2 protein chains.
Amino acid sequence: MRKFASGRLRSLLIHPFQQKHILRPHHPSSSLSSSLPRFLSSSTPVLDFPPSSTSSMADPSASKLPVTLQNINPKILKCEYAVRGEIVTLAQRLQEELLANPGSHPFDEILYCNIGNPQSLGQHPITFFREVLALCDHPSILDKSETQGLFSADAIERAWQILDQIPGRATGAYSHSQGIKGLRDTISAGIEARDGYPADPNDIFLTDGASPAVHMMMQLLISSEQDGILCPIPQYPLYSASIALHGGTLVPYFLDEASGWGLETSELKKQLEDARSKGINPRALVVINPGNPTGQVLAEDNQRQIVEFCKQEGLVLLADEVYQENVYVPDKEFHSFKKVSRSMGYGEKDISLVSFQSVSKGYYGECGKRGGYMEVTGISPDVREQIYKVASVNLCSNISGQILASLVMSPPKVGDESYELYCAEKDGILSSLARRAKTLEDALNNLEGVTCNRAEGAMYLFPRINLPQKAIKAAEAANTAPDAFYCRRLLNATGIVVVPGSGFGQVPGTWHFRCTILPQEDKIPAIVTRLTDFHKSFMDEFRD
Amino acid sequence: MRKFASGRLRSLLIHPFQQKHILRPHHPSSSLSSSLPRFLSSSTPVLDFPPSSTSSMADPSASKLPVTLQNINPKILKCEYAVRGEIVTLAQRLQEELLANPGSHPFDEILYCNIGNPQSLGQHPITFFREVLALCDHPSILDKSETQGLFSADAIERAWQILDQIPGRATGAYSHSQGIKGLRDTISAGIEARDGYPADPNDIFLTDGASPAVHMMMQLLISSEQDGILCPIPQYPLYSASIALHGGTLVPYFLDEASGWGLETSELKKQLEDARSKGINPRALVVINPGNPTGQVLAEDNQRQIVEFCKQEGLVLLADEVYQENVYVPDKEFHSFKKVSRSMGYGEKDISLVSFQSVSKGYYGECGKRGGYMEVTGISPDVREQIYKVASVNLCSNISGQILASLVMSPPKVGDESYELYCAEKDGILSSLARRAKTLEDALNNLEGVTCNRAEGAMYLFPRINLPQKAIKAAEAANTAPDAFYCRRLLNATGIVVVPGSGFGQVPGTWHFRCTILPQEDKIPAIVTRLTDFHKSFMDEFRD
């Protein structure tokens, strides 16, 4: 009889005499409630109902199959991601119906305002970026004469530069697991230029968009439900989903709608202490700046308070800065948390700070390329080695996304052939987004019972709707949240897809929805009209 | 004082009175040993030492920082991934030394035979694939006249076809979370053509390479350490790493080296029963065909036995079929497990089968593109909805990788302009790989004390080295596994990077290494000479 042994793998082995101890506390059926990921309630009991998908959906004809909702990882059952949730599923169905049977609905297209996906709504990519990507995909055309006529000179030059940074110019090879070193050099130079403080290419981990980077940090920090992650409410549901999947506890802190979604450190302190009193060990603080879904841009002074708070309390500051290029108001400016903490004199030894960036947002909006990075600072070398190990299990992120991340941090400069076109494209997109944000914000504030803070940044408005009691009762009768009820009616009447506030979290008894500012400008007047007409008839139907 | 509540998120909330129950069993320090992922030992106790990285590496100067090896997720500490482990770190250091100081080592380049990364070693990409990718990256050149001179007509036509399958032709938009529907149609048509049985585009989940797909299935199936996954030994360490990260138990089954890495169902049965007797609930069986690191190609009859075994025992069959295009011997042929199970009359209701495919392997070897998919069959709709939800949290895989996955499943056909070039490139790569495999296999078998099964498929040889006792003692003195000792000496003497067998698992007392067959053909003679000379001097030094 063979026995198992292997050098490096021996660390995974257990002694038979350990098994009794190991087997006891984790039996899936007996410890279900204790292994559920969870959301730390602030103080009072709140209704706790199971996700809608767990009940009455089993396919009896498939009952012989070994995998059922009852025996899969319960963390997956608990995870929710409203941005692509049931309203979107309904929208996809309506779209198919429109295609199969035009005229079957009172609108002729679905307008996806549920997700920050600019190019799906007609935004064009930045020409220079796409030129470089195409050339890196097919380098053998680089020295052909026709290429000069098709591509700008600086795109050709940049492609050569990038190829020279890749061993063997092999864009089809796995790279270093943190990403190609030359691209990380470019990115850290871009961070330095942005912040005025040094950045180290060894701190950069390139990832397939920002989401996998967030997952990596949650996986690192969460060992059990005792590990808490402070998250804003409202929050981008990637955070609640990732915390649920990794089995931790979301510790909510509330943004103050009345002060433009302000972030008070007194609220942070209160929630931190409340969590600790319940046996939760908060490990990190998530800040989304500019805000998602709330659109606010933090003041530098406020950021300093947050840095100080994290330093004092021993929290890792997880700074979601993917909207750093999306600021629309003259009185606000983006400051990275790295710059703010360095300006306070805090360095590598003082504050643990991870900043997330993505090619999906900004003026570029390259969601489909899945590029992004995290800059990991104030993490000791031995812990960073563990992060590297986890990155290496997936080998590397996609090279086109890596290249694009270097391009957005190092766009064309004055004097480059592409510079003028680049500026025109960038400014055109950002100024149009600012106009769209203002038009939609004004339209929402003109609706009966709706108030909407301004979108200082990011890509969203998050209006509050004061729903009549009759509408709330109708929602209850339909077994759905009132804001989801409103959003579903809106979709059925207008084809406009928005996400109910309940998918992001909100103060109890308040109702919101998130609407992107991304539909192309020529469509905005029709959206305003459709939304206004719908809201009026909704209120007429349900007004108390 | 504000209270927390939100509709969809309420499912994550807990009642305060539940907290006592929830807090108790999971305290990180008290339950450390019970929360460790683990490797089920076959029968006898085996030394269990902690991973090398956990000890004595803490940076005392960083001790004020909140994250330490002591308070991160212990599952991460337990995870190992030898393919990019310490031998590779040493190789990177030697490479830097060679660059800074040529002549500083007895070789002038590092030969990375540790990883299946063909283009890093000079393999060229398939022209047609890259043409289509470049055109999809920069569609605005599609109707320019110069483009006709640079790109083949069928690449231009294919790019148009693909763009027409993408809503708004937006290659920069997030797609459906399973991938672009039109591309999934193409892929399922390719599967049908391969197998002769129907495939459903709704069963396809496009992913950033095969690794994230494997993680998704492990995340779904593993709730606790009681959930076991049967894996071959030797195995590709993605599996042990993923099981460790998700907190499950790896149940090993041994491939029989003497019969060319044969897979016996009697061995499966024995290990399954052994695991069950220890309270483990095996959920799935991993089969890698063609084998990694072992290179064998399963016979169809053997595959039928495996299918029958999974069906009888209620195991999900996780079929790693990423090397399906890499078969080098005339007496073997690749058969997908889907085709085999359908040929046995087993359909959706009979067997749960997930097949993994990647653009990184085959003759294309496009590792850097991070494309791949899993075909999920025999999974009930409600469970599949949960897989979709997890996919949706990360939005989608990168679009270039999705496009490439469709291309490898639907390459140029007879009559297409690119067809001849495509065939020449493909056949050139595959026939060269076959020659390289044979040359290296023969060279290894010529070494004193080395035996090597043939590489029927995949990209690796996994020779067994019968190390002299004196070498084993020297390795012990150096506090390293004997095969790692050998590999390190090989690297230092020749610049050739291979992975010790202990990174994959092996029968106790046997020692192996994994060596890819990927160095370009003109380098093979020098590799054979260097390896032969090294081995001779190693044996001269340590021969008993």
# chains A, B, ... in the order shown; residues from 1 in each chain; ligands from 1
call {"tool": "residues_around", "arguments": {"residues": "Glu131 of chain A", "least_positions_apart": "5", "cutoff": "10 Å", "atoms": "only C-alpha atoms", "output": "MDAnalysis selection string"}}
result
(chainID A and resid 126 136:137 150:152 154:156 158:159) or (chainID B and resid 134:135 137:141)
call {"tool": "residues_around", "arguments": {"residues": "Gln324 of chain A", "least_positions_apart": "5", "cutoff": "9 Å", "atoms": "only C-alpha atoms", "output": "ChimeraX atom specification"}}
result
/A:289-290,334-336,357,361-362,457-458
call {"tool": "write_last_selection", "arguments": {"atoms": "all heavy atoms", "output": "mmCIF file, in the first residue's frame"}}
result
data_model
loop_
_atom_site.group_PDB
_atom_site.id
_atom_site.type_symbol
_atom_site.label_atom_id
_atom_site.label_comp_id
_atom_site.auth_asym_id
_atom_site.auth_seq_id
_atom_site.Cartn_x
_atom_site.Cartn_y
_atom_site.Cartn_z
ATOM 1 N N ASN A 289 -13.576 56.785 -3.004
ATOM 2 C CA ASN A 289 -13.441 58.217 -3.295
ATOM 3 C C ASN A 289 -12.881 58.424 -4.693
ATOM 4 O O ASN A 289 -11.761 57.967 -4.975
ATOM 5 C CB ASN A 289 -12.501 58.868 -2.272
ATOM 6 C CG ASN A 289 -12.326 60.355 -2.534
ATOM 7 O OD1 ASN A 289 -13.304 61.052 -2.764
ATOM 8 N ND2 ASN A 289 -11.089 60.824 -2.522
ATOM 9 N N PRO A 290 -13.610 59.115 -5.585
ATOM 10 C CA PRO A 290 -14.996 59.566 -5.497
ATOM 11 C C PRO A 290 -15.966 58.408 -5.233
ATOM 12 O O PRO A 290 -15.669 57.268 -5.573
ATOM 13 C CB PRO A 290 -15.242 60.194 -6.872
ATOM 14 C CG PRO A 290 -13.901 60.649 -7.330
ATOM 15 C CD PRO A 290 -12.951 59.621 -6.825
ATOM 16 N N PHE A 334 -9.543 65.593 -6.820
ATOM 17 C CA PHE A 334 -9.167 64.290 -6.285
ATOM 18 C C PHE A 334 -7.770 64.357 -5.669
ATOM 19 O O PHE A 334 -6.836 64.876 -6.275
ATOM 20 C CB PHE A 334 -9.172 63.229 -7.390
ATOM 21 C CG PHE A 334 -8.555 61.926 -6.946
ATOM 22 C CD1 PHE A 334 -9.260 61.041 -6.139
ATOM 23 C CD2 PHE A 334 -7.240 61.594 -7.285
ATOM 24 C CE1 PHE A 334 -8.685 59.853 -5.700
ATOM 25 C CE2 PHE A 334 -6.657 60.412 -6.852
ATOM 26 C CZ PHE A 334 -7.388 59.539 -6.056
ATOM 27 N N HIS A 335 -7.659 63.840 -4.430
ATOM 28 C CA HIS A 335 -6.358 63.634 -3.808
ATOM 29 C C HIS A 335 -6.262 62.170 -3.428
ATOM 30 O O HIS A 335 -7.162 61.644 -2.769
ATOM 31 C CB HIS A 335 -6.217 64.477 -2.534
ATOM 32 C CG HIS A 335 -6.455 65.933 -2.767
ATOM 33 N ND1 HIS A 335 -5.524 66.763 -3.340
ATOM 34 C CD2 HIS A 335 -7.538 66.707 -2.514
ATOM 35 C CE1 HIS A 335 -6.011 67.994 -3.430
ATOM 36 N NE2 HIS A 335 -7.239 67.986 -2.942
ATOM 37 N N SER A 336 -5.185 61.536 -3.819
ATOM 38 C CA SER A 336 -5.046 60.130 -3.441
ATOM 39 C C SER A 336 -4.756 60.041 -1.942
ATOM 40 O O SER A 336 -4.148 60.949 -1.358
ATOM 41 C CB SER A 336 -3.912 59.473 -4.224
ATOM 42 O OG SER A 336 -2.664 59.858 -3.682
ATOM 43 N N GLN A 357 -6.953 50.908 -8.477
ATOM 44 C CA GLN A 357 -7.194 51.692 -9.692
ATOM 45 C C GLN A 357 -7.609 50.726 -10.798
ATOM 46 O O GLN A 357 -7.256 49.540 -10.770
ATOM 47 C CB GLN A 357 -5.926 52.494 -10.046
ATOM 48 C CG GLN A 357 -5.854 53.091 -11.432
ATOM 49 C CD GLN A 357 -6.867 54.213 -11.700
ATOM 50 O OE1 GLN A 357 -8.028 54.138 -11.288
ATOM 51 N NE2 GLN A 357 -6.431 55.230 -12.411
ATOM 52 N N LYS A 361 -12.851 52.737 -15.553
ATOM 53 C CA LYS A 361 -13.558 53.973 -15.216
ATOM 54 C C LYS A 361 -12.828 55.157 -15.840
ATOM 55 O O LYS A 361 -12.299 55.042 -16.919
ATOM 56 C CB LYS A 361 -13.706 54.071 -13.694
ATOM 57 C CG LYS A 361 -14.271 52.800 -13.056
ATOM 58 C CD LYS A 361 -15.647 52.417 -13.629
ATOM 59 C CE LYS A 361 -16.110 51.051 -13.125
ATOM 60 N NZ LYS A 361 -17.337 50.592 -13.807
ATOM 61 N N GLY A 362 -12.769 56.299 -15.171
ATOM 62 C CA GLY A 362 -12.123 57.469 -15.759
ATOM 63 C C GLY A 362 -12.817 57.905 -17.034
ATOM 64 O O GLY A 362 -13.994 57.610 -17.262
ATOM 65 N N GLY A 457 -18.424 63.542 -8.507
ATOM 66 C CA GLY A 457 -17.500 62.670 -9.229
ATOM 67 C C GLY A 457 -18.141 61.325 -9.499
ATOM 68 O O GLY A 457 -19.349 61.155 -9.355
ATOM 69 N N ALA A 458 -17.312 60.364 -9.896
ATOM 70 C CA ALA A 458 -17.732 59.000 -10.248
ATOM 71 C C ALA A 458 -18.709 59.035 -11.434
ATOM 72 O O ALA A 458 -18.619 59.934 -12.284
ATOM 73 C CB ALA A 458 -18.286 58.260 -9.045
#
call {"tool": "residues_around", "arguments": {"residues": "Ala471 of chain B", "least_positions_apart": "3", "cutoff": "10 Å", "atoms": "only C-alpha atoms", "output": "count of residues only"}}
result
16
call {"tool": "closest_residue", "arguments": {"among": "B:Asn73, B:Asn326, B:Gln305, B:Thr494", "to": "Ser360 of chain B", "atoms": "only C-alpha atoms"}}
result
B:Asn326
call {"tool": "select_by_dssp", "arguments": {"residues": "segment 97-238 of chain A", "states": "helix (DSSP H, G or I)", "output": "compact mmCIF listing (two decimals) with C-alpha atoms, in the first residue's frame"}}
result
# COMPACT_ATOMS: atom_id res chain seq x y z
CA GLU A 97 -38.89 40.33 -26.22
CA LEU A 98 -38.29 43.63 -28.00
CA LEU A 99 -35.99 41.90 -30.45
CA ALA A 100 -38.41 39.06 -31.13
CA PRO A 118 -19.62 53.60 -20.66
CA GLN A 119 -18.77 51.90 -23.95
CA SER A 120 -21.92 49.77 -23.79
CA LEU A 121 -23.84 53.05 -24.09
CA THR A 127 -7.83 56.30 -30.09
CA PHE A 128 -4.22 56.32 -28.87
CA PHE A 129 -4.86 53.59 -26.31
CA ARG A 130 -6.48 51.32 -28.87
CA GLU A 131 -3.74 51.92 -31.42
CA VAL A 132 -1.09 50.81 -28.96
CA LEU A 133 -3.10 47.75 -27.92
CA ALA A 134 -3.65 46.67 -31.53
CA LEU A 135 0.04 47.05 -32.35
CA CYS A 136 1.08 45.06 -29.27
CA ASP A 137 -1.40 42.34 -30.26
CA PRO A 139 3.67 43.33 -33.54
CA SER A 140 4.63 41.89 -36.91
CA ILE A 141 2.90 44.82 -38.65
CA SER A 145 4.95 50.66 -44.49
CA GLU A 146 1.12 50.57 -44.46
CA THR A 147 1.21 50.80 -40.68
CA GLN A 148 2.50 54.38 -40.85
CA GLY A 149 -0.68 55.35 -42.67
CA LEU A 150 -2.98 53.62 -40.20
CA ALA A 153 3.73 57.83 -34.91
CA ASP A 154 3.68 58.02 -31.13
CA ALA A 155 1.46 54.94 -30.89
CA ILE A 156 3.99 53.03 -32.99
CA GLU A 157 6.81 54.35 -30.82
CA ARG A 158 4.97 53.49 -27.61
CA ALA A 159 4.26 49.98 -28.86
CA TRP A 160 7.98 49.47 -29.51
CA GLN A 161 8.80 50.82 -26.04
CA ILE A 162 6.35 48.45 -24.40
CA LEU A 163 7.47 45.46 -26.44
CA ASP A 164 11.04 46.18 -25.45
CA GLN A 165 9.97 46.00 -21.80
CA PRO A 167 11.15 39.65 -22.29
CA GLY A 168 11.32 38.33 -25.85
CA ARG A 169 8.63 40.91 -26.82
CA LYS A 181 8.21 45.13 -14.55
CA GLY A 182 8.58 47.86 -17.20
CA LEU A 183 4.85 48.58 -17.09
CA ARG A 184 4.98 48.77 -13.30
CA ASP A 185 7.84 51.26 -13.67
CA THR A 186 5.61 53.38 -15.92
CA ILE A 187 2.69 53.15 -13.52
CA SER A 188 4.74 54.10 -10.48
CA ALA A 189 6.18 57.05 -12.41
CA GLY A 190 2.58 58.08 -13.18
CA ILE A 191 1.66 57.82 -9.50
CA GLU A 192 4.69 59.93 -8.57
CA ALA A 193 3.71 62.57 -11.14
CA ARG A 194 0.14 62.58 -9.77
CA ASP A 195 1.07 62.73 -6.08
CA PRO A 201 7.12 49.49 -8.87
CA ASN A 202 7.47 46.59 -6.43
CA ASP A 203 4.35 47.88 -4.65
CA ALA A 210 -9.88 46.25 -9.58
CA SER A 211 -12.31 43.56 -8.40
CA PRO A 212 -9.77 40.70 -8.17
CA ALA A 213 -7.46 43.03 -6.23
CA VAL A 214 -10.23 43.72 -3.70
CA HIS A 215 -10.87 39.99 -3.41
CA MET A 216 -7.15 39.37 -2.78
CA MET A 217 -7.08 41.84 0.10
CA MET A 218 -10.29 40.44 1.62
CA GLN A 219 -8.88 36.93 1.32
CA LEU A 220 -5.73 38.07 3.09
CA LEU A 221 -7.44 39.93 5.93
CA LEU A 238 -18.48 44.27 -4.59
call {"tool": "residues_around", "arguments": {"residues": "segment 384-386 of chain A", "least_positions_apart": "2", "cutoff": "9 Å", "atoms": "only C-alpha atoms", "output": "PyMOL selection string"}}
result
(chain A and resi 203+220+376+379-382+388-391) or (chain B and resi 53+69+76-77)
call {"tool": "write_last_selection", "arguments": {"atoms": "N, CA, C and O atoms", "output": "mmCIF file, in the first residue's frame"}}
result
data_model
loop_
_atom_site.group_PDB
_atom_site.id
_atom_site.type_symbol
_atom_site.label_atom_id
_atom_site.label_comp_id
_atom_site.auth_asym_id
_atom_site.auth_seq_id
_atom_site.Cartn_x
_atom_site.Cartn_y
_atom_site.Cartn_z
ATOM 1 N N ASP A 203 5.610 47.786 -5.395
ATOM 2 C CA ASP A 203 4.351 47.881 -4.652
ATOM 3 C C ASP A 203 3.135 47.663 -5.543
ATOM 4 O O ASP A 203 2.008 47.594 -5.050
ATOM 5 N N LEU A 220 -6.866 37.947 2.179
ATOM 6 C CA LEU A 220 -5.727 38.069 3.086
ATOM 7 C C LEU A 220 -6.173 38.413 4.505
ATOM 8 O O LEU A 220 -5.664 37.859 5.483
ATOM 9 N N VAL A 376 0.288 48.618 -3.020
ATOM 10 C CA VAL A 376 0.267 48.076 -1.663
ATOM 11 C C VAL A 376 1.411 48.718 -0.879
ATOM 12 O O VAL A 376 2.584 48.452 -1.160
ATOM 13 N N ILE A 379 2.931 47.496 4.087
ATOM 14 C CA ILE A 379 2.718 46.058 4.328
ATOM 15 C C ILE A 379 4.119 45.455 4.411
ATOM 16 O O ILE A 379 4.950 45.688 3.530
ATOM 17 N N SER A 380 4.369 44.677 5.462
ATOM 18 C CA SER A 380 5.730 44.169 5.667
ATOM 19 C C SER A 380 6.103 43.176 4.570
ATOM 20 O O SER A 380 5.231 42.553 3.967
ATOM 21 N N PRO A 381 7.404 43.033 4.299
ATOM 22 C CA PRO A 381 7.846 42.161 3.200
ATOM 23 C C PRO A 381 7.317 40.731 3.316
ATOM 24 O O PRO A 381 6.986 40.112 2.307
ATOM 25 N N ASP A 382 7.243 40.213 4.538
ATOM 26 C CA ASP A 382 6.799 38.820 4.641
ATOM 27 C C ASP A 382 5.320 38.669 4.297
ATOM 28 O O ASP A 382 4.910 37.672 3.695
ATOM 29 N N TYR A 388 1.969 38.030 -2.959
ATOM 30 C CA TYR A 388 2.585 37.598 -4.220
ATOM 31 C C TYR A 388 2.282 36.124 -4.500
ATOM 32 O O TYR A 388 1.979 35.744 -5.627
ATOM 33 N N LYS A 389 2.334 35.312 -3.450
ATOM 34 C CA LYS A 389 2.084 33.877 -3.640
ATOM 35 C C LYS A 389 0.671 33.641 -4.173
ATOM 36 O O LYS A 389 0.473 32.859 -5.106
ATOM 37 N N VAL A 390 -0.306 34.339 -3.574
ATOM 38 C CA VAL A 390 -1.685 34.182 -4.040
ATOM 39 C C VAL A 390 -1.794 34.653 -5.493
ATOM 40 O O VAL A 390 -2.446 34.011 -6.328
ATOM 41 N N ALA A 391 -1.138 35.776 -5.822
ATOM 42 C CA ALA A 391 -1.157 36.252 -7.216
ATOM 43 C C ALA A 391 -0.555 35.197 -8.136
ATOM 44 O O ALA A 391 -1.044 34.969 -9.245
ATOM 45 N N SER B 53 8.040 29.867 4.795
ATOM 46 C CA SER B 53 7.942 31.324 4.825
ATOM 47 C C SER B 53 7.382 31.866 6.135
ATOM 48 O O SER B 53 7.372 33.052 6.349
ATOM 49 N N LEU B 69 2.132 38.107 9.724
ATOM 50 C CA LEU B 69 1.906 36.705 9.355
ATOM 51 C C LEU B 69 1.027 36.001 10.387
ATOM 52 O O LEU B 69 0.379 35.008 10.077
ATOM 53 N N ILE B 76 -4.004 31.121 3.584
ATOM 54 C CA ILE B 76 -3.004 31.649 2.640
ATOM 55 C C ILE B 76 -1.614 31.134 3.010
ATOM 56 O O ILE B 76 -0.824 30.764 2.142
ATOM 57 N N LEU B 77 -1.321 31.096 4.296
ATOM 58 C CA LEU B 77 -0.016 30.570 4.710
ATOM 59 C C LEU B 77 0.168 29.132 4.256
ATOM 60 O O LEU B 77 1.262 28.712 3.884
#
call {"tool": "closest_residue", "arguments": {"among": "A:Ile233, A:Leu318, A:Met344, A:Ala424", "to": "chain B", "atoms": "only C-alpha atoms"}}
result
A:Ile233
call {"tool": "select_by_dssp", "arguments": {"residues": "segment 290-473 of chain B", "states": "strand (DSSP E or B)", "output": "PyMOL selection string"}}
result
chain B and resi 316-320+327+353-358+372-377+450-451+457+460-461+464-465
call {"tool": "residues_around", "arguments": {"residues": "segment 108-113 of chain A", "least_positions_apart": "4", "cutoff": "6 Å", "atoms": "only C-alpha atoms", "output": "list in words"}}
result
Gly495, Ile496, Val497, Val498, Cys515 and Thr516 of chain A
call {"tool": "write_last_selection", "arguments": {"atoms": "N, CA and C atoms", "output": "tab-separated table (two decimals), in the first residue's frame"}}
result
chain	number	residue	atom	x	y	z
A	495	GLY	N	-38.15	51.22	-19.96
A	495	GLY	CA	-36.94	50.56	-20.45
A	495	GLY	C	-35.66	51.04	-19.77
A	496	ILE	N	-35.80	51.94	-18.78
A	496	ILE	CA	-34.62	52.45	-18.06
A	496	ILE	C	-34.28	51.50	-16.91
A	497	VAL	N	-33.04	51.03	-16.88
A	497	VAL	CA	-32.61	50.09	-15.84
A	497	VAL	C	-31.79	50.84	-14.79
A	498	VAL	N	-32.27	50.87	-13.55
A	498	VAL	CA	-31.51	51.44	-12.44
A	498	VAL	C	-31.47	50.39	-11.33
A	515	CYS	N	-28.47	55.53	-10.46
A	515	CYS	CA	-28.63	55.72	-11.90
A	515	CYS	C	-27.32	56.26	-12.45
A	516	THR	N	-26.77	55.61	-13.48
A	516	THR	CA	-25.53	56.14	-14.04
A	516	THR	C	-25.81	57.40	-14.85
call {"tool": "closest_residue", "arguments": {"among": "A:Glu348, A:Asp320, A:Glu308, A:Asp301", "to": "chain B", "atoms": "only C-alpha atoms"}}
result
A:Glu348
call {"tool": "residues_around", "arguments": {"residues": "Glu366 of chain B", "least_positions_apart": "2", "cutoff": "9 Å", "atoms": "only C-alpha atoms", "output": "short mmCIF file (atom, residue, chain, number, x, y, z; two decimals) with C-alpha atoms, in the first residue's frame"}}
result
data_model
loop_
_atom_site.label_atom_id
_atom_site.label_comp_id
_atom_site.auth_asym_id
_atom_site.auth_seq_id
_atom_site.Cartn_x
_atom_site.Cartn_y
_atom_site.Cartn_z
CA THR A 171 2.83 39.61 -25.35
CA GLY A 172 1.50 36.05 -25.38
CA ALA A 173 3.62 34.88 -22.46
CA TYR A 174 2.70 34.80 -18.78
CA ASN B 117 4.75 29.29 -21.12
CA PRO B 118 5.65 28.62 -24.79
CA GLN B 119 5.92 32.18 -26.06
CA PRO B 125 1.73 33.23 -31.98
CA SER B 358 -7.64 27.45 -21.91
CA VAL B 359 -6.06 29.53 -24.68
CA SER B 360 -2.73 29.21 -22.83
CA LYS B 361 -1.93 25.70 -23.98
CA GLY B 362 -2.44 23.74 -27.25
CA TYR B 363 -0.40 24.83 -30.28
CA TYR B 364 -1.45 28.45 -29.66
CA GLY B 368 -0.64 36.20 -21.60
CA LYS B 369 -4.11 36.62 -23.07
CA ARG B 370 -5.80 34.94 -20.11
CA GLY B 371 -8.62 33.32 -22.00
CA LEU B 404 -9.35 34.21 -28.57
#
call {"tool": "closest_residue", "arguments": {"among": "A:Val322, A:Ala478, A:Leu94, A:Ile351", "to": "chain B", "atoms": "only C-alpha atoms"}}
result
A:Ile351
call {"tool": "closest_residue", "arguments": {"among": "A:Ser352, A:Asn453, A:Asn446, A:Asn281", "to": "chain B", "atoms": "only C-alpha atoms"}}
result
A:Ser352
call {"tool": "closest_residue", "arguments": {"among": "A:Leu298, A:Leu90, A:Leu433, A:Val251", "to": "chain B", "atoms": "only C-alpha atoms"}}
result
A:Val251
